[in-house]
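J.: Contents of my_file37.tsv (TSV, C-alpha atoms):
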```
chain	number	residue	atom	x	y	z
A	21	MET	CA	30.28	10.32	-29.30
A	22	LEU	CA	27.28	11.94	-27.60
A	23	VAL	CA	27.51	14.86	-30.03
A	24	GLY	CA	27.54	12.44	-32.94
A	25	LEU	CA	24.55	10.57	-31.59
A	26	SER	CA	22.53	13.73	-31.09
A	27	THR	CA	23.46	14.89	-34.60
A	28	PHE	CA	22.33	11.53	-35.97
A	29	LEU	CA	19.03	11.73	-34.13
A	30	VAL	CA	18.34	15.26	-35.33
A	31	SER	CA	19.39	14.67	-38.93
A	32	GLY	CA	17.87	11.19	-39.16
A	33	CYS	CA	14.54	12.25	-37.75
A	34	SER	CA	14.27	15.58	-39.54
A	35	HIS	CA	12.79	13.92	-42.60
A	36	GLN	CA	9.81	12.51	-40.70
A	37	ASP	CA	6.60	14.49	-40.54
A	38	GLY	CA	5.50	15.59	-37.09
A	39	ASN	CA	5.82	12.20	-35.41
A	40	ASP	CA	9.58	11.79	-35.31
A	41	LEU	CA	11.54	10.04	-32.59
A	42	LEU	CA	12.39	13.20	-30.66
A	43	THR	CA	8.75	14.27	-30.62
A	44	GLN	CA	7.71	10.86	-29.30
A	45	LEU	CA	10.34	11.03	-26.57
A	46	ARG	CA	9.20	14.51	-25.55
A	47	GLU	CA	5.52	13.56	-25.50
A	48	GLY	CA	6.00	10.21	-23.76
A	49	LYS	CA	5.26	9.94	-20.06
A	50	PRO	CA	8.20	9.01	-17.78
A	51	GLN	CA	6.44	5.86	-16.56
A	52	GLU	CA	6.24	4.54	-20.14
A	53	PHE	CA	9.97	3.76	-19.94
A	54	LEU	CA	9.05	1.14	-17.32
A	55	GLN	CA	6.64	-0.60	-19.70
A	56	THR	CA	7.25	-3.25	-22.33
A	57	SER	CA	5.17	-3.09	-25.51
A	58	VAL	CA	2.77	-5.66	-24.01
A	59	ASP	CA	2.50	-3.67	-20.78
A	60	ARG	CA	1.65	-0.58	-22.78
A	61	MET	CA	-0.91	-2.47	-24.82
A	62	ALA	CA	-2.52	-3.85	-21.66
A	63	THR	CA	-2.72	-0.35	-20.18
A	64	LEU	CA	-4.33	1.07	-23.32
A	65	THR	CA	-6.69	-1.90	-23.56
A	66	MET	CA	-7.88	-1.31	-20.01
A	67	ARG	CA	-8.34	2.41	-20.69
A	68	ASP	CA	-10.31	1.82	-23.89
A	69	ASN	CA	-12.46	-0.92	-22.36
A	70	LEU	CA	-13.41	1.24	-19.40
A	71	ASP	CA	-14.20	4.11	-21.76
A	72	SER	CA	-16.48	1.73	-23.69
A	73	LEU	CA	-18.22	0.80	-20.46
A	74	TYR	CA	-18.75	4.44	-19.53
A	75	LEU	CA	-20.20	5.10	-22.99
A	76	LEU	CA	-22.55	2.14	-22.54
A	77	MET	CA	-23.55	3.49	-19.13
A	78	SER	CA	-24.55	6.83	-20.65
A	79	LYS	CA	-26.57	5.07	-23.34
A	80	LEU	CA	-28.26	2.80	-20.80
A	81	TYR	CA	-29.29	5.77	-18.66
A	82	LEU	CA	-30.86	7.34	-21.75
A	83	ARG	CA	-32.84	4.19	-22.49
A	84	ASN	CA	-33.70	3.56	-18.82
A	85	PRO	CA	-34.52	6.92	-17.19
A	86	ASP	CA	-36.23	5.23	-14.22
A	87	GLU	CA	-32.87	3.74	-13.21
A	88	LEU	CA	-31.33	7.20	-13.10
A	89	LYS	CA	-34.07	8.26	-10.66
A	90	LYS	CA	-33.14	5.33	-8.42
A	91	SER	CA	-29.53	6.54	-8.34
A	92	GLY	CA	-30.55	9.66	-6.44
A	93	PHE	CA	-28.99	11.95	-9.05
A	94	LEU	CA	-30.78	14.12	-11.58
A	95	ASP	CA	-27.86	14.20	-14.00
A	96	ALA	CA	-26.59	11.03	-15.66
A	97	ARG	CA	-23.07	12.48	-15.78
A	98	ILE	CA	-22.96	12.84	-12.00
A	99	ALA	CA	-24.40	9.35	-11.48
A	100	GLY	CA	-21.86	7.97	-13.94
A	101	LYS	CA	-19.01	9.76	-12.20
A	102	GLN	CA	-19.80	7.97	-8.94
A	103	VAL	CA	-19.73	4.59	-10.69
A	104	ARG	CA	-16.53	5.48	-12.51
A	105	MET	CA	-14.77	6.48	-9.29
A	106	ALA	CA	-15.88	3.27	-7.58
A	107	ILE	CA	-14.46	1.15	-10.43
A	108	GLU	CA	-11.16	2.96	-10.80
A	109	GLN	CA	-10.54	3.38	-7.07
A	110	GLN	CA	-11.69	-0.22	-6.49
A	111	GLN	CA	-14.25	0.83	-3.92
A	112	PRO	CA	-17.58	-0.97	-3.31
A	113	LEU	CA	-20.81	0.49	-4.66
A	114	PRO	CA	-23.14	1.02	-1.67
A	115	THR	CA	-26.25	-0.34	-3.41
A	116	LEU	CA	-24.49	-3.68	-4.03
A	117	GLY	CA	-23.76	-4.34	-0.38
A	118	GLY	CA	-20.01	-4.68	-0.82
A	119	LYS	CA	-20.25	-7.17	-3.69
A	120	LYS	CA	-17.75	-6.89	-6.56
A	121	ASP	CA	-17.11	-8.40	-10.02
A	122	LEU	CA	-19.05	-11.66	-10.62
A	123	ALA	CA	-20.99	-11.60	-7.33
A	124	ALA	CA	-22.02	-8.02	-8.08
A	125	LEU	CA	-23.00	-8.93	-11.64
A	126	ARG	CA	-25.26	-11.77	-10.50
A	127	PHE	CA	-26.93	-9.54	-7.91
A	128	ALA	CA	-27.29	-6.51	-10.21
A	129	MET	CA	-29.23	-8.56	-12.78
A	130	SER	CA	-31.39	-10.45	-10.28
A	131	PRO	CA	-35.04	-9.69	-9.45
A	132	GLU	CA	-34.00	-9.06	-5.83
A	133	PHE	CA	-31.97	-5.98	-6.74
A	134	LEU	CA	-34.08	-2.83	-6.35
A	135	GLY	CA	-31.49	-0.08	-6.81
A	136	ASP	CA	-30.06	1.68	-9.87
A	137	ARG	CA	-29.53	-1.31	-12.11
A	138	VAL	CA	-27.61	0.63	-14.77
A	139	GLY	CA	-24.93	1.83	-12.37
A	140	ALA	CA	-24.77	-1.55	-10.66
A	141	PHE	CA	-24.45	-3.47	-13.93
A	142	ILE	CA	-21.67	-1.26	-15.29
A	143	TYR	CA	-19.84	-1.27	-11.95
A	144	ALA	CA	-20.03	-5.07	-11.81
A	145	VAL	CA	-18.60	-5.49	-15.30
A	146	GLY	CA	-15.92	-2.87	-14.68
A	147	SER	CA	-14.80	-4.38	-11.38
A	148	MET	CA	-14.72	-7.82	-13.03
A	149	LEU	CA	-12.34	-6.46	-15.68
A	150	VAL	CA	-10.07	-4.91	-13.06
A	151	THR	CA	-10.04	-8.14	-11.03
A	152	ALA	CA	-9.14	-10.19	-14.12
A	153	HIS	CA	-6.13	-7.94	-14.71
A	154	GLY	CA	-4.70	-8.45	-11.24
A	155	ASN	CA	-6.51	-5.46	-9.67
A	156	ARG	CA	-4.52	-2.98	-11.77
A	157	LEU	CA	-5.40	-0.34	-14.34
A	158	GLU	CA	-1.82	0.34	-15.47
A	159	PHE	CA	0.87	-2.24	-16.08
A	160	TYR	CA	4.66	-2.27	-15.85
A	161	MET	CA	7.53	-4.70	-16.29
A	162	THR	CA	7.23	-5.96	-12.72
A	163	ASP	CA	3.54	-6.85	-13.17
A	164	ALA	CA	2.20	-10.18	-14.34
A	165	ILE	CA	-1.16	-10.60	-16.07
A	166	ASN	CA	-2.71	-14.05	-16.27
A	167	PRO	CA	-3.89	-14.57	-19.88
A	168	THR	CA	-6.42	-17.18	-18.74
A	169	PHE	CA	-8.16	-14.64	-16.52
A	170	VAL	CA	-8.21	-12.08	-19.33
A	171	SER	CA	-9.71	-14.65	-21.69
A	172	ASN	CA	-12.26	-15.58	-19.04
A	173	ALA	CA	-13.18	-11.91	-18.71
A	174	ALA	CA	-13.91	-11.80	-22.44
A	175	ARG	CA	-16.23	-14.79	-22.11
A	176	ASN	CA	-17.92	-13.18	-19.10
A	177	ILE	CA	-18.57	-10.07	-21.18
A	178	GLU	CA	-20.29	-12.24	-23.78
A	179	ILE	CA	-22.47	-13.78	-21.08
A	180	ALA	CA	-23.24	-10.35	-19.61
A	181	THR	CA	-24.27	-9.13	-23.07
A	182	TRP	CA	-26.67	-12.04	-23.41
A	183	ILE	CA	-28.11	-11.43	-19.93
A	184	LEU	CA	-28.58	-7.75	-20.73
A	185	SER	CA	-30.57	-8.56	-23.86
A	186	GLN	CA	-32.57	-11.52	-22.54
A	187	ARG	CA	-33.30	-11.24	-18.82
A	188	GLN	CA	-36.78	-9.96	-18.00
A	189	ASN	CA	-38.65	-8.75	-14.93
A	190	LYS	CA	-41.88	-10.21	-13.57
A	191	ASN	CA	-43.86	-8.11	-16.06
A	192	GLY	CA	-42.09	-9.70	-19.02
A	193	GLU	CA	-40.10	-6.54	-19.79
A	194	PRO	CA	-36.31	-6.36	-20.11
A	195	MET	CA	-34.63	-5.57	-16.82
A	196	LEU	CA	-32.67	-3.00	-18.82
A	197	PHE	CA	-33.59	-1.75	-22.27
A	198	SER	CA	-30.57	-1.89	-24.59
A	199	ASN	CA	-30.52	-3.28	-28.15
A	200	GLU	CA	-33.72	-2.89	-30.07
A	201	ILE	CA	-35.04	-4.44	-33.27
A	202	SER	CA	-38.50	-3.25	-34.25
A	203	GLU	CA	-40.53	-2.04	-37.20
A	204	GLU	CA	-39.38	1.49	-36.43
A	205	GLY	CA	-35.73	0.53	-36.81
A	206	SER	CA	-32.80	-1.22	-35.18
A	207	ASN	CA	-30.38	-0.18	-32.46
A	208	LEU	CA	-27.57	-2.68	-31.98
A	209	SER	CA	-25.02	-0.19	-30.69
A	210	PHE	CA	-24.86	-1.89	-27.29
A	211	ALA	CA	-23.88	-5.24	-28.81
A	212	VAL	CA	-21.35	-3.50	-31.05
A	213	GLU	CA	-19.66	-1.73	-28.12
A	214	PHE	CA	-19.55	-4.90	-26.03
A	215	GLY	CA	-18.08	-6.66	-29.07
A	216	LYS	CA	-15.25	-4.13	-29.13
A	217	ILE	CA	-14.42	-4.92	-25.50
A	218	VAL	CA	-14.36	-8.65	-26.21
A	219	ALA	CA	-12.14	-8.15	-29.27
A	220	ARG	CA	-9.63	-6.09	-27.29
A	221	LEU	CA	-9.51	-8.68	-24.52
A	222	ASP	CA	-9.00	-11.54	-26.97
A	223	LEU	CA	-6.17	-9.69	-28.72
A	224	LEU	CA	-4.49	-8.96	-25.39
A	225	THR	CA	-4.83	-12.63	-24.45
A	226	GLN	CA	-3.00	-13.64	-27.62
A	227	MET	CA	-0.25	-11.11	-26.94
A	228	LEU	CA	0.18	-12.34	-23.36
A	229	ASP	CA	0.26	-15.98	-24.47
A	230	GLU	CA	2.99	-15.15	-26.99
A	231	ARG	CA	4.94	-13.17	-24.41
A	232	TYR	CA	5.06	-16.05	-21.94
A	233	ARG	CA	5.62	-18.59	-24.71
A	234	ARG	CA	8.71	-16.66	-25.79
A	235	ILE	CA	9.98	-16.56	-22.20
A	236	GLY	CA	9.62	-20.35	-22.06
A	237	LEU	CA	11.30	-20.81	-25.45
A	238	ASN	CA	14.21	-18.58	-24.49
A	239	TYR	CA	14.71	-20.62	-21.33
A	240	ALA	CA	14.54	-23.92	-23.27
A	241	GLN	CA	17.02	-22.61	-25.84
A	242	SER	CA	19.43	-21.61	-23.09
A	243	LEU	CA	19.37	-25.18	-21.75
A	244	LEU	CA	19.68	-26.72	-25.21
A	245	PHE	CA	22.74	-24.68	-26.19
A	246	LEU	CA	24.17	-24.48	-22.66
A	247	ASN	CA	23.84	-20.71	-22.65
A	248	PHE	CA	23.79	-18.95	-19.34
A	249	LEU	CA	20.80	-16.68	-18.78
A	250	PRO	CA	21.62	-12.96	-18.40
A	251	VAL	CA	21.44	-11.59	-14.86
A	252	GLN	CA	21.66	-7.87	-15.75
```
Could you quickly redo this structure as structure tokens?
T.:
Amino acid sequence: MLVGLSTFLVSGCSHQDGNDLLTQLREGKPQEFLQTSVDRMATLTMRDNLDSLYLLMSKLYLRNPDELKKSGFLDARIAGKQVRMAIEQQQPLPTLGGKKDLAALRFAMSPEFLGDRVGAFIYAVGSMLVTAHGNRLEFYMTDAINPTFVSNAARNIEIATWILSQRQNKNGEPMLFSNEISEEGSNLSFAVEFGKIVARLDLLTQMLDERYRRIGLNYAQSLLFLNFLPVQ
């Protein structure tokens, strides 16, 4: 039987170009077998959203070179690496005094904050995303993600985008230069990238809602038709 199955897999997949089943199995990571499709989507969503944040951080350092000087680093890549490690290892950023997620975001965009505002802002948003996903960056079948918190994170990103574009210092200048619309041209790449993060979060929310809705429906159906629920 095993020989027949292997023959079927080889012959059945041989007609597919480069991305056949056996190739996918070989290239897949062992931990992926412990993930449902929604778990995998949540993991990829987190990865892509953090990558978007790191891209925004690089762009913000370019537009706000004085903030890079405040970081104590001469290279934006090194400054960004410190922020990235703090987010992914869920460690506090020293300049924020131990504050994380929403508390850090409020402080980072307040007049009282005197440190590297770019690093603090990106760290605050990143830690908020991690918190909303149950303090995890990867997700497996044993993990639960609250869709309400993910949806709230999307709304928080929208608020953070507005703050970034509107909040000014005592001199009437933006606390951080980002989007720009002028006679010389327009640069809305910051809003576009933040929009991608929001879209991914909203899609994940819908997937999570459907996942838990199906669990509830399956349970209701089992009661309606007097079906016992499987235990293995």
J.: What's around Pro114 in chain A at 10 Å? Count all atoms listed in the file, leave out sequence neighbours fewer than 4 positions away in its own chain, and write the answer as a ChimeraX atom specification.
T.: /A:106,118-119,135,140
J.: Using all atoms listed in the file, pick whichever of A:Met61, A:Glu213, A:Phe197, A:Gln109 has the shortest atom-to-atom distance to Arg156 in chain A.
T.: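 Using all atoms listed in the file, Arg156 in chain A sits closest to A:Gln109.
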J.: Between CA of Glu108 in chain A and CA of Leu157 in chain A, what distance in Å does the model show, to one decimal?
T.: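 Separating CA of Glu108 in chain A from CA of Leu157 in chain A is a distance of 7.5 Å.
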J.: Please check which residues have atoms at most 9 Å from (-13.7, -5.3, -24.2) in the file's coordinates, counting only C-alpha atoms, and write them as an mmCIF file with C-alpha atoms, keeping the file's coordinate frame.
T.:
```cif
data_model
loop_
_atom_site.group_PDB
_atom_site.id
_atom_site.type_symbol
_atom_site.label_atom_id
_atom_site.label_comp_id
_atom_site.auth_asym_id
_atom_site.auth_seq_id
_atom_site.Cartn_x
_atom_site.Cartn_y
_atom_site.Cartn_z
ATOM 1 C CA THR A 65 -6.690 -1.900 -23.560
ATOM 2 C CA MET A 66 -7.880 -1.310 -20.010
ATOM 3 C CA ASP A 68 -10.310 1.820 -23.890
ATOM 4 C CA ASN A 69 -12.460 -0.920 -22.360
ATOM 5 C CA LEU A 70 -13.410 1.240 -19.400
ATOM 6 C CA SER A 72 -16.480 1.730 -23.690
ATOM 7 C CA LEU A 73 -18.220 0.800 -20.460
ATOM 8 C CA LEU A 149 -12.340 -6.460 -15.680
ATOM 9 C CA ALA A 173 -13.180 -11.910 -18.710
ATOM 10 C CA ALA A 174 -13.910 -11.800 -22.440
ATOM 11 C CA ILE A 177 -18.570 -10.070 -21.180
ATOM 12 C CA GLU A 213 -19.660 -1.730 -28.120
ATOM 13 C CA PHE A 214 -19.550 -4.900 -26.030
ATOM 14 C CA GLY A 215 -18.080 -6.660 -29.070
ATOM 15 C CA LYS A 216 -15.250 -4.130 -29.130
ATOM 16 C CA ILE A 217 -14.420 -4.920 -25.500
ATOM 17 C CA VAL A 218 -14.360 -8.650 -26.210
ATOM 18 C CA ALA A 219 -12.140 -8.150 -29.270
ATOM 19 C CA ARG A 220 -9.630 -6.090 -27.290
ATOM 20 C CA LEU A 221 -9.510 -8.680 -24.520
ATOM 21 C CA ASP A 222 -9.000 -11.540 -26.970
#
```
J.: Residues near Val103 in chain A, anyone? I mean within 12 Å using only C-alpha atoms, not counting same-chain ones fewer than 4 positions away, as a ChimeraX atom specification.
T.: /A:70,73-74,77-78,91,93,96-99,107-116,136-147
J.: Between CA of Gly100 in chain A and CA of Ala211 in chain A, what is the distance, to one decimal in Å?
T.: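 Pair CA of Gly100 in chain A / CA of Ala211 in chain A returns 20.0 Å.
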J.: Would you work out the distance separating CA of Ala123 in chain A from CA of Ala180 in chain A, expressed in Å to one decimal?
T.: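 Taking CA of Ala123 in chain A and CA of Ala180 in chain A, their separation equals 12.5 Å.
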J.: Find the residue from A:Leu208, A:Met195, A:Met148, A:Leu224 that sits nearest to Phe133 in chain A; use all atoms listed in the file when measuring.
T.: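 Comparing A:Leu208, A:Met195, A:Met148, A:Leu224 against Phe133 in chain A, the winner is A:Met195.
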J.: Name the closest residue to Leu54 in chain A among the candidates A:Ile183, A:Met161, A:Met105, A:Leu223; distances are taken between atoms, counting all atoms listed in the file.
T.: A:Met161
J.: Which neighbours of Thr168 in chain A fall inside 10 Å, counting all atoms listed in the file, when residues of the same chain fewer than 2 positions from it are skipped, and could you give them as a list in words?
T.: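 These residues fall inside the cut-off: Ala152, Ile165, Asn166, Val170, Ser171, Asn172, Ala173, Ala174, Thr225, Leu228 and Asp229 of chain A.
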J.: Please dump the current selection as a PDB file, in the coordinates of the input; keep C-alpha atoms.
T.:
```
ATOM      1  CA  ALA A 152      -9.140 -10.190 -14.120  1.00  0.00           C
ATOM      2  CA  ILE A 165      -1.160 -10.600 -16.070  1.00  0.00           C
ATOM      3  CA  ASN A 166      -2.710 -14.050 -16.270  1.00  0.00           C
ATOM      4  CA  VAL A 170      -8.210 -12.080 -19.330  1.00  0.00           C
ATOM      5  CA  SER A 171      -9.710 -14.650 -21.690  1.00  0.00           C
ATOM      6  CA  ASN A 172     -12.260 -15.580 -19.040  1.00  0.00           C
ATOM      7  CA  ALA A 173     -13.180 -11.910 -18.710  1.00  0.00           C
ATOM      8  CA  ALA A 174     -13.910 -11.800 -22.440  1.00  0.00           C
ATOM      9  CA  THR A 225      -4.830 -12.630 -24.450  1.00  0.00           C
ATOM     10  CA  LEU A 228       0.180 -12.340 -23.360  1.00  0.00           C
ATOM     11  CA  ASP A 229       0.260 -15.980 -24.470  1.00  0.00           C
TER      12      ASP A 229
END
```
J.: Which residue is closest to Thr181 in chain A? Choose from A:Glu193, A:Asn155, A:Asp163, A:Met129 and count all atoms listed in the file.
T.: A:Met129
J.: For range 140-176 of chain A, supply N, CA and C atoms and report the output as an mmCIF file, in the frame of the given file.
T.:
```
data_model
loop_
_atom_site.group_PDB
_atom_site.id
_atom_site.type_symbol
_atom_site.label_atom_id
_atom_site.label_comp_id
_atom_site.auth_asym_id
_atom_site.auth_seq_id
_atom_site.Cartn_x
_atom_site.Cartn_y
_atom_site.Cartn_z
ATOM 1 N N ALA A 140 -25.226 -0.301 -11.253
ATOM 2 C CA ALA A 140 -24.770 -1.550 -10.660
ATOM 3 C C ALA A 140 -24.215 -2.500 -11.718
ATOM 4 N N PHE A 141 -24.889 -2.580 -12.852
ATOM 5 C CA PHE A 141 -24.450 -3.470 -13.930
ATOM 6 C C PHE A 141 -23.083 -3.035 -14.471
ATOM 7 N N ILE A 142 -22.933 -1.756 -14.751
ATOM 8 C CA ILE A 142 -21.670 -1.260 -15.290
ATOM 9 C C ILE A 142 -20.553 -1.393 -14.261
ATOM 10 N N TYR A 143 -20.857 -1.102 -13.001
ATOM 11 C CA TYR A 143 -19.840 -1.270 -11.950
ATOM 12 C C TYR A 143 -19.401 -2.726 -11.871
ATOM 13 N N ALA A 144 -20.352 -3.645 -11.923
ATOM 14 C CA ALA A 144 -20.030 -5.070 -11.810
ATOM 15 C C ALA A 144 -19.114 -5.516 -12.940
ATOM 16 N N VAL A 145 -19.438 -5.116 -14.157
ATOM 17 C CA VAL A 145 -18.600 -5.490 -15.300
ATOM 18 C C VAL A 145 -17.221 -4.847 -15.186
ATOM 19 N N GLY A 146 -17.193 -3.570 -14.813
ATOM 20 C CA GLY A 146 -15.920 -2.870 -14.680
ATOM 21 C C GLY A 146 -15.032 -3.469 -13.607
ATOM 22 N N SER A 147 -15.606 -3.793 -12.452
ATOM 23 C CA SER A 147 -14.800 -4.380 -11.380
ATOM 24 C C SER A 147 -14.328 -5.779 -11.753
ATOM 25 N N MET A 148 -15.139 -6.493 -12.554
ATOM 26 C CA MET A 148 -14.720 -7.820 -13.030
ATOM 27 C C MET A 148 -13.497 -7.685 -13.939
ATOM 28 N N LEU A 149 -13.485 -6.680 -14.804
ATOM 29 C CA LEU A 149 -12.340 -6.460 -15.680
ATOM 30 C C LEU A 149 -11.081 -6.141 -14.869
ATOM 31 N N VAL A 150 -11.221 -5.279 -13.884
ATOM 32 C CA VAL A 150 -10.070 -4.910 -13.060
ATOM 33 C C VAL A 150 -9.546 -6.128 -12.303
ATOM 34 N N THR A 151 -10.446 -6.928 -11.742
ATOM 35 C CA THR A 151 -10.040 -8.140 -11.030
ATOM 36 C C THR A 151 -9.279 -9.091 -11.940
ATOM 37 N N ALA A 152 -9.781 -9.269 -13.171
ATOM 38 C CA ALA A 152 -9.140 -10.190 -14.120
ATOM 39 C C ALA A 152 -7.741 -9.746 -14.509
ATOM 40 N N HIS A 153 -7.450 -8.466 -14.374
ATOM 41 C CA HIS A 153 -6.130 -7.940 -14.710
ATOM 42 C C HIS A 153 -5.254 -7.754 -13.476
ATOM 43 N N GLY A 154 -5.540 -8.511 -12.430
ATOM 44 C CA GLY A 154 -4.700 -8.450 -11.240
ATOM 45 C C GLY A 154 -4.920 -7.220 -10.399
ATOM 46 N N ASN A 155 -6.137 -6.643 -10.470
ATOM 47 C CA ASN A 155 -6.510 -5.460 -9.670
ATOM 48 C C ASN A 155 -5.645 -4.249 -10.021
ATOM 49 N N ARG A 156 -5.312 -4.118 -11.299
ATOM 50 C CA ARG A 156 -4.520 -2.980 -11.770
ATOM 51 C C ARG A 156 -5.175 -2.352 -12.991
ATOM 52 N N LEU A 157 -4.933 -1.038 -13.157
ATOM 53 C CA LEU A 157 -5.400 -0.340 -14.340
ATOM 54 C C LEU A 157 -4.242 0.039 -15.260
ATOM 55 N N GLU A 158 -3.021 0.073 -14.692
ATOM 56 C CA GLU A 158 -1.820 0.340 -15.470
ATOM 57 C C GLU A 158 -0.820 -0.780 -15.190
ATOM 58 N N PHE A 159 0.021 -1.060 -16.189
ATOM 59 C CA PHE A 159 0.870 -2.240 -16.080
ATOM 60 C C PHE A 159 2.320 -1.903 -16.444
ATOM 61 N N TYR A 160 3.240 -2.526 -15.673
ATOM 62 C CA TYR A 160 4.660 -2.270 -15.850
ATOM 63 C C TYR A 160 5.424 -3.591 -15.880
ATOM 64 N N MET A 161 6.722 -3.503 -16.100
ATOM 65 C CA MET A 161 7.530 -4.700 -16.290
ATOM 66 C C MET A 161 7.495 -5.645 -15.101
ATOM 67 N N THR A 162 7.249 -5.121 -13.915
ATOM 68 C CA THR A 162 7.230 -5.960 -12.720
ATOM 69 C C THR A 162 5.878 -6.639 -12.513
ATOM 70 N N ASP A 163 4.887 -6.296 -13.330
ATOM 71 C CA ASP A 163 3.540 -6.850 -13.170
ATOM 72 C C ASP A 163 3.365 -8.085 -14.046
ATOM 73 N N ALA A 164 2.541 -8.988 -13.571
ATOM 74 C CA ALA A 164 2.200 -10.180 -14.340
ATOM 75 C C ALA A 164 0.695 -10.227 -14.532
ATOM 76 N N ILE A 165 0.264 -10.484 -15.757
ATOM 77 C CA ILE A 165 -1.160 -10.600 -16.070
ATOM 78 C C ILE A 165 -1.416 -12.035 -16.517
ATOM 79 N N ASN A 166 -2.380 -12.674 -15.924
ATOM 80 C CA ASN A 166 -2.710 -14.050 -16.270
ATOM 81 C C ASN A 166 -3.593 -14.062 -17.521
ATOM 82 N N PRO A 167 -3.093 -14.589 -18.649
ATOM 83 C CA PRO A 167 -3.890 -14.570 -19.880
ATOM 84 C C PRO A 167 -5.180 -15.374 -19.773
ATOM 85 N N THR A 168 -5.195 -16.394 -18.918
ATOM 86 C CA THR A 168 -6.420 -17.180 -18.740
ATOM 87 C C THR A 168 -7.522 -16.332 -18.130
ATOM 88 N N PHE A 169 -7.169 -15.504 -17.156
ATOM 89 C CA PHE A 169 -8.160 -14.640 -16.520
ATOM 90 C C PHE A 169 -8.679 -13.585 -17.498
ATOM 91 N N VAL A 170 -7.786 -13.065 -18.336
ATOM 92 C CA VAL A 170 -8.210 -12.080 -19.330
ATOM 93 C C VAL A 170 -9.157 -12.714 -20.344
ATOM 94 N N SER A 171 -8.827 -13.933 -20.771
ATOM 95 C CA SER A 171 -9.710 -14.650 -21.690
ATOM 96 C C SER A 171 -11.056 -14.952 -21.030
ATOM 97 N N ASN A 172 -11.017 -15.329 -19.753
ATOM 98 C CA ASN A 172 -12.260 -15.580 -19.040
ATOM 99 C C ASN A 172 -13.116 -14.322 -18.936
ATOM 100 N N ALA A 173 -12.453 -13.185 -18.764
ATOM 101 C CA ALA A 173 -13.180 -11.910 -18.710
ATOM 102 C C ALA A 173 -13.913 -11.651 -20.017
ATOM 103 N N ALA A 174 -13.266 -11.977 -21.135
ATOM 104 C CA ALA A 174 -13.910 -11.800 -22.440
ATOM 105 C C ALA A 174 -15.162 -12.657 -22.544
ATOM 106 N N ARG A 175 -15.060 -13.907 -22.069
ATOM 107 C CA ARG A 175 -16.230 -14.790 -22.110
ATOM 108 C C ARG A 175 -17.323 -14.285 -21.163
ATOM 109 N N ASN A 176 -16.938 -13.738 -20.029
ATOM 110 C CA ASN A 176 -17.920 -13.180 -19.100
ATOM 111 C C ASN A 176 -18.651 -11.990 -19.710
#
```
